[in-house]
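Q: Sending over a structure as structure tokens; questions will come in a sec.
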Amino acid sequence: MGTSGSKPGSKPERERLRHQLLAGGCGPARIAAEMAGRWQFNPRQAWRYTHGLSQTAVAARCNDLLGDGRAPMTGKRISEYEAWPQRGVRPTVHVLALLARVYGTVPRALLGEDELPLLPEPERLVLDQLPPAGQDVAPASPEPGRLDAAAVRAAAHASGAHAERAEVTEVGAITLEQLDHDVVELARTSILTQPAEIFGELVRVRDRVYQALQRRAHPAQQSHLYLLAGQTCGLLANASMELGCYGAAAEQSRAAWVYAEIIGHNGLKAWLRGTQALIAFWSGNPREAAHLAKAGREYLRHGTGFVRLCNIESRAWAYLGDVRETQKVIGMGHHAREHVTEPDELHDLVGGEFGFDEARQSFCNAGAWVQVGKPTLAIEAAERALRLYATDAERNRRYGGEASARLEMTDGYLATRELDAADVALDPVISTSATAGVAHLATRLSDICATLDTPPYRNSREAKELAERIRAHPALTTG
């Protein structure tokens with residue numbers, strides 16, 4: 001049967017045999033058996049040659065049957081299935097069912113007698129329940145209103161094959177658990193540590209999240225990772241802001257916003273709007289800060305996150321000199337604090353930099369009141385913050401929180417012309433270099449010096465001495 005110059009079982013010989021047998025009325029099963037017998041093809045090769053298909057064409061038909069736009073089957077994969085068991089990849093019962101559907105046969109017909117024992121016992125049991133080999137299965141659609149059992153089984157096998165691929169993930173539960181732990185620890189450590197000390201660790205954990213996002217993961221795992229990416233970028237935005245790098249802070253916050261948008265996490269969106277408002281405020285744009293904080297209230301209408309947004313907004317309106325709006329949002333914040341019903345996952349359960357405790361609310365109130373010319377209310381709010389810090393456990397105290405409260409109290413006393421009280425309030429801040437890393441400390445101390453250089457303090461010896469002590473602080477003598 002061979003042709004001079006061609007190897008046994010070459011394509012010309014296969015095609016000649018196929019057409020001869022078809023002309024003689026032979027079905028596909030008979031042709032496949034003849035090809036296997038003459039040229040020692042295994043059943044999967046024989047059935048493909050019976051239909052005159054290339055490996056790429058078979059892969060395309062498999063993908064059409066699966067209805068999977070990602071085209072998981074390839075010609076190379078078909079080649080690997082055909083090369084087994086000497087090499088290549090063993091076809092699962094699901095793959096056999098899919099190929100059988102393409103070739104118009106049954107899955108058992110695609111295995112040789114010596115190959116069947118190599119299958120795992122559960123798959124052999126499945127094959128035992130299917131029609132025996134040696135018969136053709138018409139690939140055509142059944143009559144309207146009728147559905148043959150083979151089609152039902154093929155659909156089930158296709159579903160099983162897809163589920164088999166879908167259940168594979170490269171992101172384990174332990175990985176997510178560790179990343180969760182790391183992010184929570186960083187959020188809580190951020191309020192106790194200078195940003196320069198923790199910045200590198202924030203970057204390291206963010207990069208681990210990014211690496212995990214590049215792996216194959218289930219949708220729920222991917223959403224979880226996007227949340228972690230949003231949280232780490234958010235913490236980096238806050239750290240960058242406290243380091244005075246406002247452009248970098250804004251870019252980090254925009255990246256975090258993208259992740260929050262992808263997963264539709266309103267709590268993170270609210271926190272990020274507040275952070276963007278703070279970046280705008282300290283960048284010298286209080287009006288934008290007010291609008292950003294107000295926009296954040298669209299995502300949270302109660303709870304700790306809402307309180308935080310109200311206080312950020314109040315500082316912005318106070319700087320703009322809008323007493324009515326300042327009073328309004330401060331009141332809204334207190335009302336929300338008094339009517340917290342259930343904890344928010346991000347602001348309360350994770351907490352730390354994502355939280356906003358009553359002490360922080362109080363010193364923010366103090367800053368707003370002194371800005372709108374209500375120093376008595378500012379002093380009262382600052383005193384309340386210091387009382388709360390004095391009773392709070394050391395591990396829960398915000399780094400620089402007491403110093404910030406004392407700065408607001410100092411402004412209040414200077415506004416009421418109580419220089420001695422201002423000196424007492426400020427002394428714990430300027431008598432130690434430990435406060436040098438407090439965010440915006442240099443700016444606030446410079447502002448106090450400017451106040452001491454204006455009436456009624458300009459000609460006061462005590463005011464000059466206090467100003468000299470302030471200017472000697474490391475926050476103003478370094479950098």
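Going by the structure tokens order, chains are called A, B, ..., each with residues numbered from 1, while ligands are numbered from 1 in the order shown.
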Applying 12 Å and only C-alpha atoms, which residues near range 18-30 of chain A remain after dropping the ones on its own chain fewer than 2 positions away? List them as number ranges by chain.
A: A: 9, 11-16, 32-37, 43-44, 46-52, 100, 103-106, 109-110, 133-139
Q: Using only N, CA, C and O atoms, please write the residues we just selected to a file, as a tab-separated table (two decimals), in the first residue's frame.
A:
chain	number	residue	atom	x	y	z
A	9	GLY	N	1.86	5.17	6.55
A	9	GLY	CA	0.90	5.96	7.29
A	9	GLY	C	1.01	7.44	7.05
A	9	GLY	O	0.47	8.25	7.82
A	11	LYS	N	0.35	11.10	5.19
A	11	LYS	CA	-0.93	11.74	4.90
A	11	LYS	C	-1.52	11.27	3.57
A	11	LYS	O	-2.72	10.98	3.51
A	12	PRO	N	-0.75	11.19	2.48
A	12	PRO	CA	-1.35	10.70	1.22
A	12	PRO	C	-1.94	9.29	1.37
A	12	PRO	O	-3.03	9.02	0.86
A	13	GLU	N	-1.24	8.41	2.07
A	13	GLU	CA	-1.76	7.05	2.26
A	13	GLU	C	-3.02	7.07	3.12
A	13	GLU	O	-4.00	6.36	2.81
A	14	ARG	N	-3.02	7.88	4.17
A	14	ARG	CA	-4.20	7.93	5.04
A	14	ARG	C	-5.41	8.44	4.27
A	14	ARG	O	-6.52	7.92	4.40
A	15	GLU	N	-5.21	9.49	3.50
A	15	GLU	CA	-6.32	10.07	2.75
A	15	GLU	C	-6.85	9.10	1.70
A	15	GLU	O	-8.06	8.99	1.48
A	16	ARG	N	-5.93	8.37	1.04
A	16	ARG	CA	-6.36	7.41	0.03
A	16	ARG	C	-7.21	6.30	0.67
A	16	ARG	O	-8.28	5.95	0.18
A	32	ALA	N	-11.29	4.07	11.51
A	32	ALA	CA	-10.32	4.26	12.58
A	32	ALA	C	-9.63	2.96	12.93
A	32	ALA	O	-8.41	2.91	13.14
A	33	ALA	N	-10.40	1.86	12.98
A	33	ALA	CA	-9.82	0.55	13.29
A	33	ALA	C	-8.83	0.12	12.21
A	33	ALA	O	-7.76	-0.43	12.51
A	34	GLU	N	-9.18	0.38	10.95
A	34	GLU	CA	-8.29	0.00	9.85
A	34	GLU	C	-6.99	0.79	9.91
A	34	GLU	O	-5.90	0.24	9.70
A	35	MET	N	-7.10	2.09	10.19
A	35	MET	CA	-5.89	2.92	10.27
A	35	MET	C	-5.01	2.48	11.43
A	35	MET	O	-3.78	2.39	11.30
A	36	ALA	N	-5.61	2.19	12.56
A	36	ALA	CA	-4.84	1.75	13.71
A	36	ALA	C	-4.16	0.41	13.44
A	36	ALA	O	-3.00	0.20	13.82
A	37	GLY	N	-4.89	-0.48	12.76
A	37	GLY	CA	-4.33	-1.79	12.49
A	37	GLY	C	-3.19	-1.74	11.47
A	37	GLY	O	-2.19	-2.45	11.62
A	43	PRO	N	-5.60	4.99	19.30
A	43	PRO	CA	-6.98	5.35	18.94
A	43	PRO	C	-7.20	6.84	18.74
A	43	PRO	O	-7.98	7.25	17.88
A	44	ARG	N	-6.56	7.69	19.52
A	44	ARG	CA	-6.80	9.14	19.40
A	44	ARG	C	-6.26	9.66	18.07
A	44	ARG	O	-6.87	10.51	17.43
A	46	ALA	N	-5.81	7.72	15.38
A	46	ALA	CA	-6.61	7.08	14.32
A	46	ALA	C	-7.92	7.80	14.09
A	46	ALA	O	-8.34	8.00	12.94
A	47	TRP	N	-8.58	8.19	15.15
A	47	TRP	CA	-9.86	8.88	14.99
A	47	TRP	C	-9.68	10.27	14.38
A	47	TRP	O	-10.52	10.72	13.60
A	48	ARG	N	-8.58	10.95	14.72
A	48	ARG	CA	-8.36	12.26	14.10
A	48	ARG	C	-8.09	12.10	12.61
A	48	ARG	O	-8.64	12.85	11.78
A	49	TYR	N	-7.25	11.11	12.24
A	49	TYR	CA	-6.96	10.88	10.83
A	49	TYR	C	-8.20	10.41	10.07
A	49	TYR	O	-8.36	10.72	8.88
A	50	THR	N	-9.09	9.72	10.78
A	50	THR	CA	-10.34	9.27	10.15
A	50	THR	C	-11.14	10.45	9.62
A	50	THR	O	-11.80	10.37	8.57
A	51	HIS	N	-11.08	11.55	10.34
A	51	HIS	CA	-11.84	12.75	9.92
A	51	HIS	C	-10.98	13.73	9.13
A	51	HIS	O	-11.46	14.80	8.75
A	52	GLY	N	-9.70	13.38	8.90
A	52	GLY	CA	-8.83	14.24	8.11
A	52	GLY	C	-8.59	15.60	8.74
A	52	GLY	O	-8.49	16.61	8.04
A	100	ALA	N	-14.37	12.79	22.00
A	100	ALA	CA	-15.36	11.86	21.44
A	100	ALA	C	-16.49	12.61	20.77
A	100	ALA	O	-17.02	12.20	19.73
A	103	TYR	N	-15.25	13.74	17.40
A	103	TYR	CA	-15.06	12.68	16.42
A	103	TYR	C	-16.32	11.85	16.15
A	103	TYR	O	-16.31	10.98	15.26
A	104	GLY	N	-17.39	12.10	16.92
A	104	GLY	CA	-18.61	11.33	16.71
A	104	GLY	C	-18.49	9.90	17.19
A	104	GLY	O	-18.96	8.97	16.52
A	105	THR	N	-17.84	9.71	18.35
A	105	THR	CA	-17.70	8.36	18.90
A	105	THR	C	-17.93	8.43	20.40
A	105	THR	O	-18.53	9.39	20.90
A	106	VAL	N	-17.50	7.41	21.12
A	106	VAL	CA	-17.66	7.38	22.58
A	106	VAL	C	-16.29	7.47	23.21
A	106	VAL	O	-15.27	7.11	22.60
A	109	ALA	N	-13.71	4.56	23.10
A	109	ALA	CA	-13.10	4.22	21.81
A	109	ALA	C	-11.77	4.92	21.60
A	109	ALA	O	-11.01	4.55	20.71
A	110	LEU	N	-11.47	5.94	22.42
A	110	LEU	CA	-10.24	6.71	22.25
A	110	LEU	C	-9.10	6.19	23.10
A	110	LEU	O	-8.05	6.83	23.19
A	133	ALA	N	-17.07	0.78	23.39
A	133	ALA	CA	-16.37	1.17	22.18
A	133	ALA	C	-16.84	0.30	21.02
A	133	ALA	O	-17.49	-0.72	21.20
A	134	GLY	N	-16.49	0.74	19.80
A	134	GLY	CA	-16.80	-0.05	18.62
A	134	GLY	C	-18.07	0.37	17.93
A	134	GLY	O	-18.58	-0.33	17.06
A	135	GLN	N	-18.65	1.51	18.34
A	135	GLN	CA	-19.84	1.99	17.66
A	135	GLN	C	-19.68	3.47	17.37
A	135	GLN	O	-18.97	4.18	18.05
A	136	ASP	N	-20.35	3.90	16.31
A	136	ASP	CA	-20.30	5.31	15.94
A	136	ASP	C	-21.42	6.06	16.63
A	136	ASP	O	-22.50	5.53	16.86
A	137	VAL	N	-21.14	7.31	16.98
A	137	VAL	CA	-22.15	8.19	17.55
A	137	VAL	C	-22.33	9.34	16.60
A	137	VAL	O	-21.37	10.07	16.31
A	138	ALA	N	-23.53	9.51	16.10
A	138	ALA	CA	-23.76	10.58	15.13
A	138	ALA	C	-23.58	11.93	15.78
A	138	ALA	O	-24.19	12.21	16.81
A	139	PRO	N	-22.72	12.77	15.22
A	139	PRO	CA	-22.50	14.08	15.81
A	139	PRO	C	-23.61	15.07	15.48
A	139	PRO	O	-23.63	16.17	16.00
Q: Got a sec: who's within 12 Å of Ala220 in chain A, counting only C-alpha atoms, leaving out chain neighbours fewer than 2 positions off, as a ChimeraX atom specification?
A: /A:169,171,173,176,213,216-218,222-227,263
Q: May I have the residues within 7 Å of range 343-349 of chain A as a count of residues only, using only C-alpha atoms and disregarding those fewer than 3 positions away in the same chain?
A: 6
Q: From a backbone DSSP assignment, name each residue in range 277-406 of chain A labelled alpha helix (DSSP H), as JSON, numbers by chain.
A: {"A": [277, 278, 279, 280, 281, 282, 286, 287, 288, 289, 290, 291, 292, 293, 294, 295, 296, 303, 304, 305, 306, 307, 308, 309, 310, 311, 312, 313, 314, 315, 316, 317, 318, 319, 323, 324, 325, 326, 327, 328, 329, 330, 331, 332, 333, 334, 335, 336, 337, 338, 358, 359, 360, 361, 362, 363, 364, 365, 366, 367, 368, 369, 370, 371, 375, 376, 377, 378, 379, 380, 381, 382, 383, 384, 385, 386, 387, 388, 389, 390, 391, 401, 402, 403, 404, 405, 406]}
Q: Determine, counting only C-alpha atoms, which protein, DNA and RNA residues have an atom within 9 Å of an atom of Val58 in chain A; residues of the same chain fewer than 5 positions away are not included. Present the result as a PDB file with N, CA and C atoms, in the first residue's frame.
A:
ATOM      1  N   ARG A  48      -8.584  10.952  14.715  1.00  0.00           N
ATOM      2  CA  ARG A  48      -8.358  12.264  14.098  1.00  0.00           C
ATOM      3  C   ARG A  48      -8.089  12.096  12.606  1.00  0.00           C
ATOM      4  N   LEU A  53      -8.486  15.622  10.071  1.00  0.00           N
ATOM      5  CA  LEU A  53      -8.333  16.891  10.795  1.00  0.00           C
ATOM      6  C   LEU A  53      -6.902  17.071  11.287  1.00  0.00           C
ATOM      7  N   ASN A  63     -12.824  23.923  21.506  1.00  0.00           N
ATOM      8  CA  ASN A  63     -13.107  25.231  22.098  1.00  0.00           C
ATOM      9  C   ASN A  63     -14.503  25.717  21.721  1.00  0.00           C
ATOM     10  N   MET A  73      -8.000  24.968  24.807  1.00  0.00           N
ATOM     11  CA  MET A  73      -7.428  23.829  24.082  1.00  0.00           C
ATOM     12  C   MET A  73      -6.570  24.348  22.932  1.00  0.00           C
ATOM     13  N   THR A  74      -5.417  23.708  22.740  1.00  0.00           N
ATOM     14  CA  THR A  74      -4.506  24.108  21.665  1.00  0.00           C
ATOM     15  C   THR A  74      -4.067  22.872  20.880  1.00  0.00           C
ATOM     16  N   GLY A  75      -3.537  23.102  19.688  1.00  0.00           N
ATOM     17  CA  GLY A  75      -3.010  21.997  18.903  1.00  0.00           C
ATOM     18  C   GLY A  75      -1.895  21.273  19.631  1.00  0.00           C
ATOM     19  N   ILE A  78      -3.428  18.854  22.063  1.00  0.00           N
ATOM     20  CA  ILE A  78      -3.927  17.653  21.383  1.00  0.00           C
ATOM     21  C   ILE A  78      -2.759  16.712  21.086  1.00  0.00           C
ATOM     22  N   LEU A  99     -13.263  15.046  23.141  1.00  0.00           N
ATOM     23  CA  LEU A  99     -12.751  14.557  21.862  1.00  0.00           C
ATOM     24  C   LEU A  99     -13.735  13.606  21.189  1.00  0.00           C
ATOM     25  N   VAL A 102     -16.229  15.526  19.343  1.00  0.00           N
ATOM     26  CA  VAL A 102     -15.694  16.058  18.085  1.00  0.00           C
ATOM     27  C   VAL A 102     -15.660  14.978  17.010  1.00  0.00           C
ATOM     28  N   TYR A 103     -15.254  13.739  17.401  1.00  0.00           N
ATOM     29  CA  TYR A 103     -15.064  12.679  16.422  1.00  0.00           C
ATOM     30  C   TYR A 103     -16.320  11.846  16.146  1.00  0.00           C
TER      31      TYR A 103
END
Q: Extract, using only C-alpha atoms, all DNA, RNA and protein residues at most 12 Å from Ala378 in chain A, discarding same-chain residues fewer than 6 positions from it, and format them as number ranges by chain.
A: A: 361-372, 384-385, 405-416
Q: Could you list, as a list in words, every residue within 12 Å of range 461-465 of chain A, counting only C-alpha atoms and ignoring same-chain residues fewer than 2 positions away?
A: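 Close residues of range 461-465 of chain A: Leu414, Arg417, Glu418, Leu419, Asp420, Ala421, Ala422, Asp423, Ile448, Cys449, Ala450, Thr451, Leu452, Asp453, Thr454, Pro455, Pro456, Tyr457, Arg458, Asn459, Ala467, Glu468, Arg469, Ile470, Arg471 and Ala472 of chain A.
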Q: Can I get the selected residues back with N, CA and C atoms, as a CSV table (one decimal), in the first residue's frame?
A:
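Just written: out-v4.csv:
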chain,number,residue,atom,x,y,z
A,414,LEU,N,-3.1,81.6,73.0
A,414,LEU,CA,-2.5,82.8,72.4
A,414,LEU,C,-3.6,83.7,71.9
A,417,ARG,N,-4.9,85.6,74.7
A,417,ARG,CA,-3.9,86.4,75.3
A,417,ARG,C,-3.4,85.8,76.6
A,418,GLU,N,-3.4,84.5,76.7
A,418,GLU,CA,-2.9,83.8,77.9
A,418,GLU,C,-1.6,83.2,77.6
A,419,LEU,N,-0.6,84.0,77.6
A,419,LEU,CA,0.8,83.6,77.2
A,419,LEU,C,1.3,82.5,78.1
A,420,ASP,N,1.2,82.7,79.4
A,420,ASP,CA,1.7,81.7,80.4
A,420,ASP,C,1.1,80.3,80.1
A,421,ALA,N,-0.2,80.3,79.9
A,421,ALA,CA,-0.9,79.1,79.7
A,421,ALA,C,-0.5,78.4,78.4
A,422,ALA,N,-0.2,79.3,77.4
A,422,ALA,CA,0.3,78.8,76.1
A,422,ALA,C,1.6,78.2,76.3
A,423,ASP,N,2.5,78.8,77.1
A,423,ASP,CA,3.9,78.3,77.3
A,423,ASP,C,3.8,76.9,78.0
A,448,ILE,N,3.1,79.5,65.0
A,448,ILE,CA,3.1,80.0,66.4
A,448,ILE,C,4.1,81.1,66.6
A,449,CYS,N,5.3,80.9,66.0
A,449,CYS,CA,6.4,81.9,66.1
A,449,CYS,C,5.9,83.2,65.4
A,450,ALA,N,5.2,83.0,64.3
A,450,ALA,CA,4.7,84.2,63.6
A,450,ALA,C,3.7,84.9,64.4
A,451,THR,N,2.8,84.2,65.1
A,451,THR,CA,1.9,84.9,66.0
A,451,THR,C,2.6,85.6,67.1
A,452,LEU,N,3.6,85.0,67.7
A,452,LEU,CA,4.4,85.7,68.8
A,452,LEU,C,5.2,86.9,68.3
A,453,ASP,N,5.3,87.0,67.0
A,453,ASP,CA,6.0,88.2,66.4
A,453,ASP,C,5.1,89.3,66.1
A,454,THR,N,3.8,89.1,66.4
A,454,THR,CA,2.8,90.2,66.1
A,454,THR,C,2.2,90.7,67.3
A,455,PRO,N,1.5,91.9,67.3
A,455,PRO,CA,0.8,92.4,68.5
A,455,PRO,C,-0.2,91.4,68.9
A,456,PRO,N,-0.4,91.2,70.3
A,456,PRO,CA,0.1,92.0,71.4
A,456,PRO,C,1.4,91.5,71.9
A,457,TYR,N,2.1,90.5,71.2
A,457,TYR,CA,3.2,89.8,71.8
A,457,TYR,C,4.6,90.3,71.3
A,458,ARG,N,4.6,91.2,70.3
A,458,ARG,CA,5.8,91.6,69.7
A,458,ARG,C,6.8,92.2,70.7
A,459,ASN,N,6.4,93.0,71.6
A,459,ASN,CA,7.3,93.6,72.5
A,459,ASN,C,7.4,92.9,73.9
A,467,ALA,N,9.5,82.1,71.7
A,467,ALA,CA,9.8,82.0,70.3
A,467,ALA,C,11.2,81.4,70.0
A,468,GLU,N,12.1,81.9,70.9
A,468,GLU,CA,13.5,81.4,70.7
A,468,GLU,C,13.6,79.9,71.1
A,469,ARG,N,12.8,79.5,72.1
A,469,ARG,CA,12.8,78.0,72.5
A,469,ARG,C,12.2,77.2,71.3
A,470,ILE,N,11.1,77.8,70.7
A,470,ILE,CA,10.5,77.1,69.6
A,470,ILE,C,11.4,76.9,68.4
A,471,ARG,N,12.2,78.0,68.1
A,471,ARG,CA,13.0,77.9,66.9
A,471,ARG,C,14.3,77.0,67.2
A,472,ALA,N,14.5,76.7,68.4
A,472,ALA,CA,15.6,75.8,68.7
A,472,ALA,C,15.2,74.3,68.6
Q: Quick one: everything within 12 Å of Leu179 in chain A, counting only C-alpha atoms, minus sequence neighbours fewer than 2 positions away in the same chain. Send it as a ChimeraX atom specification.
A: /A:171-177,181-186,202,204-212,221,224-229,231-232
Q: If I take CA of Gly234 in chain A and CA of Ser404 in chain A, how far is one from the other in Å, to one decimal?
A: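 CA of Gly234 in chain A sits 22.2 Å away from CA of Ser404 in chain A.
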Q: Quick one: pull the distance between CA of Arg87 in chain A and CA of Glu170 in chain A, Å, one decimal.
A: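 Computing the Euclidean distance for CA of Arg87 in chain A and CA of Glu170 in chain A yields 25.9 Å.
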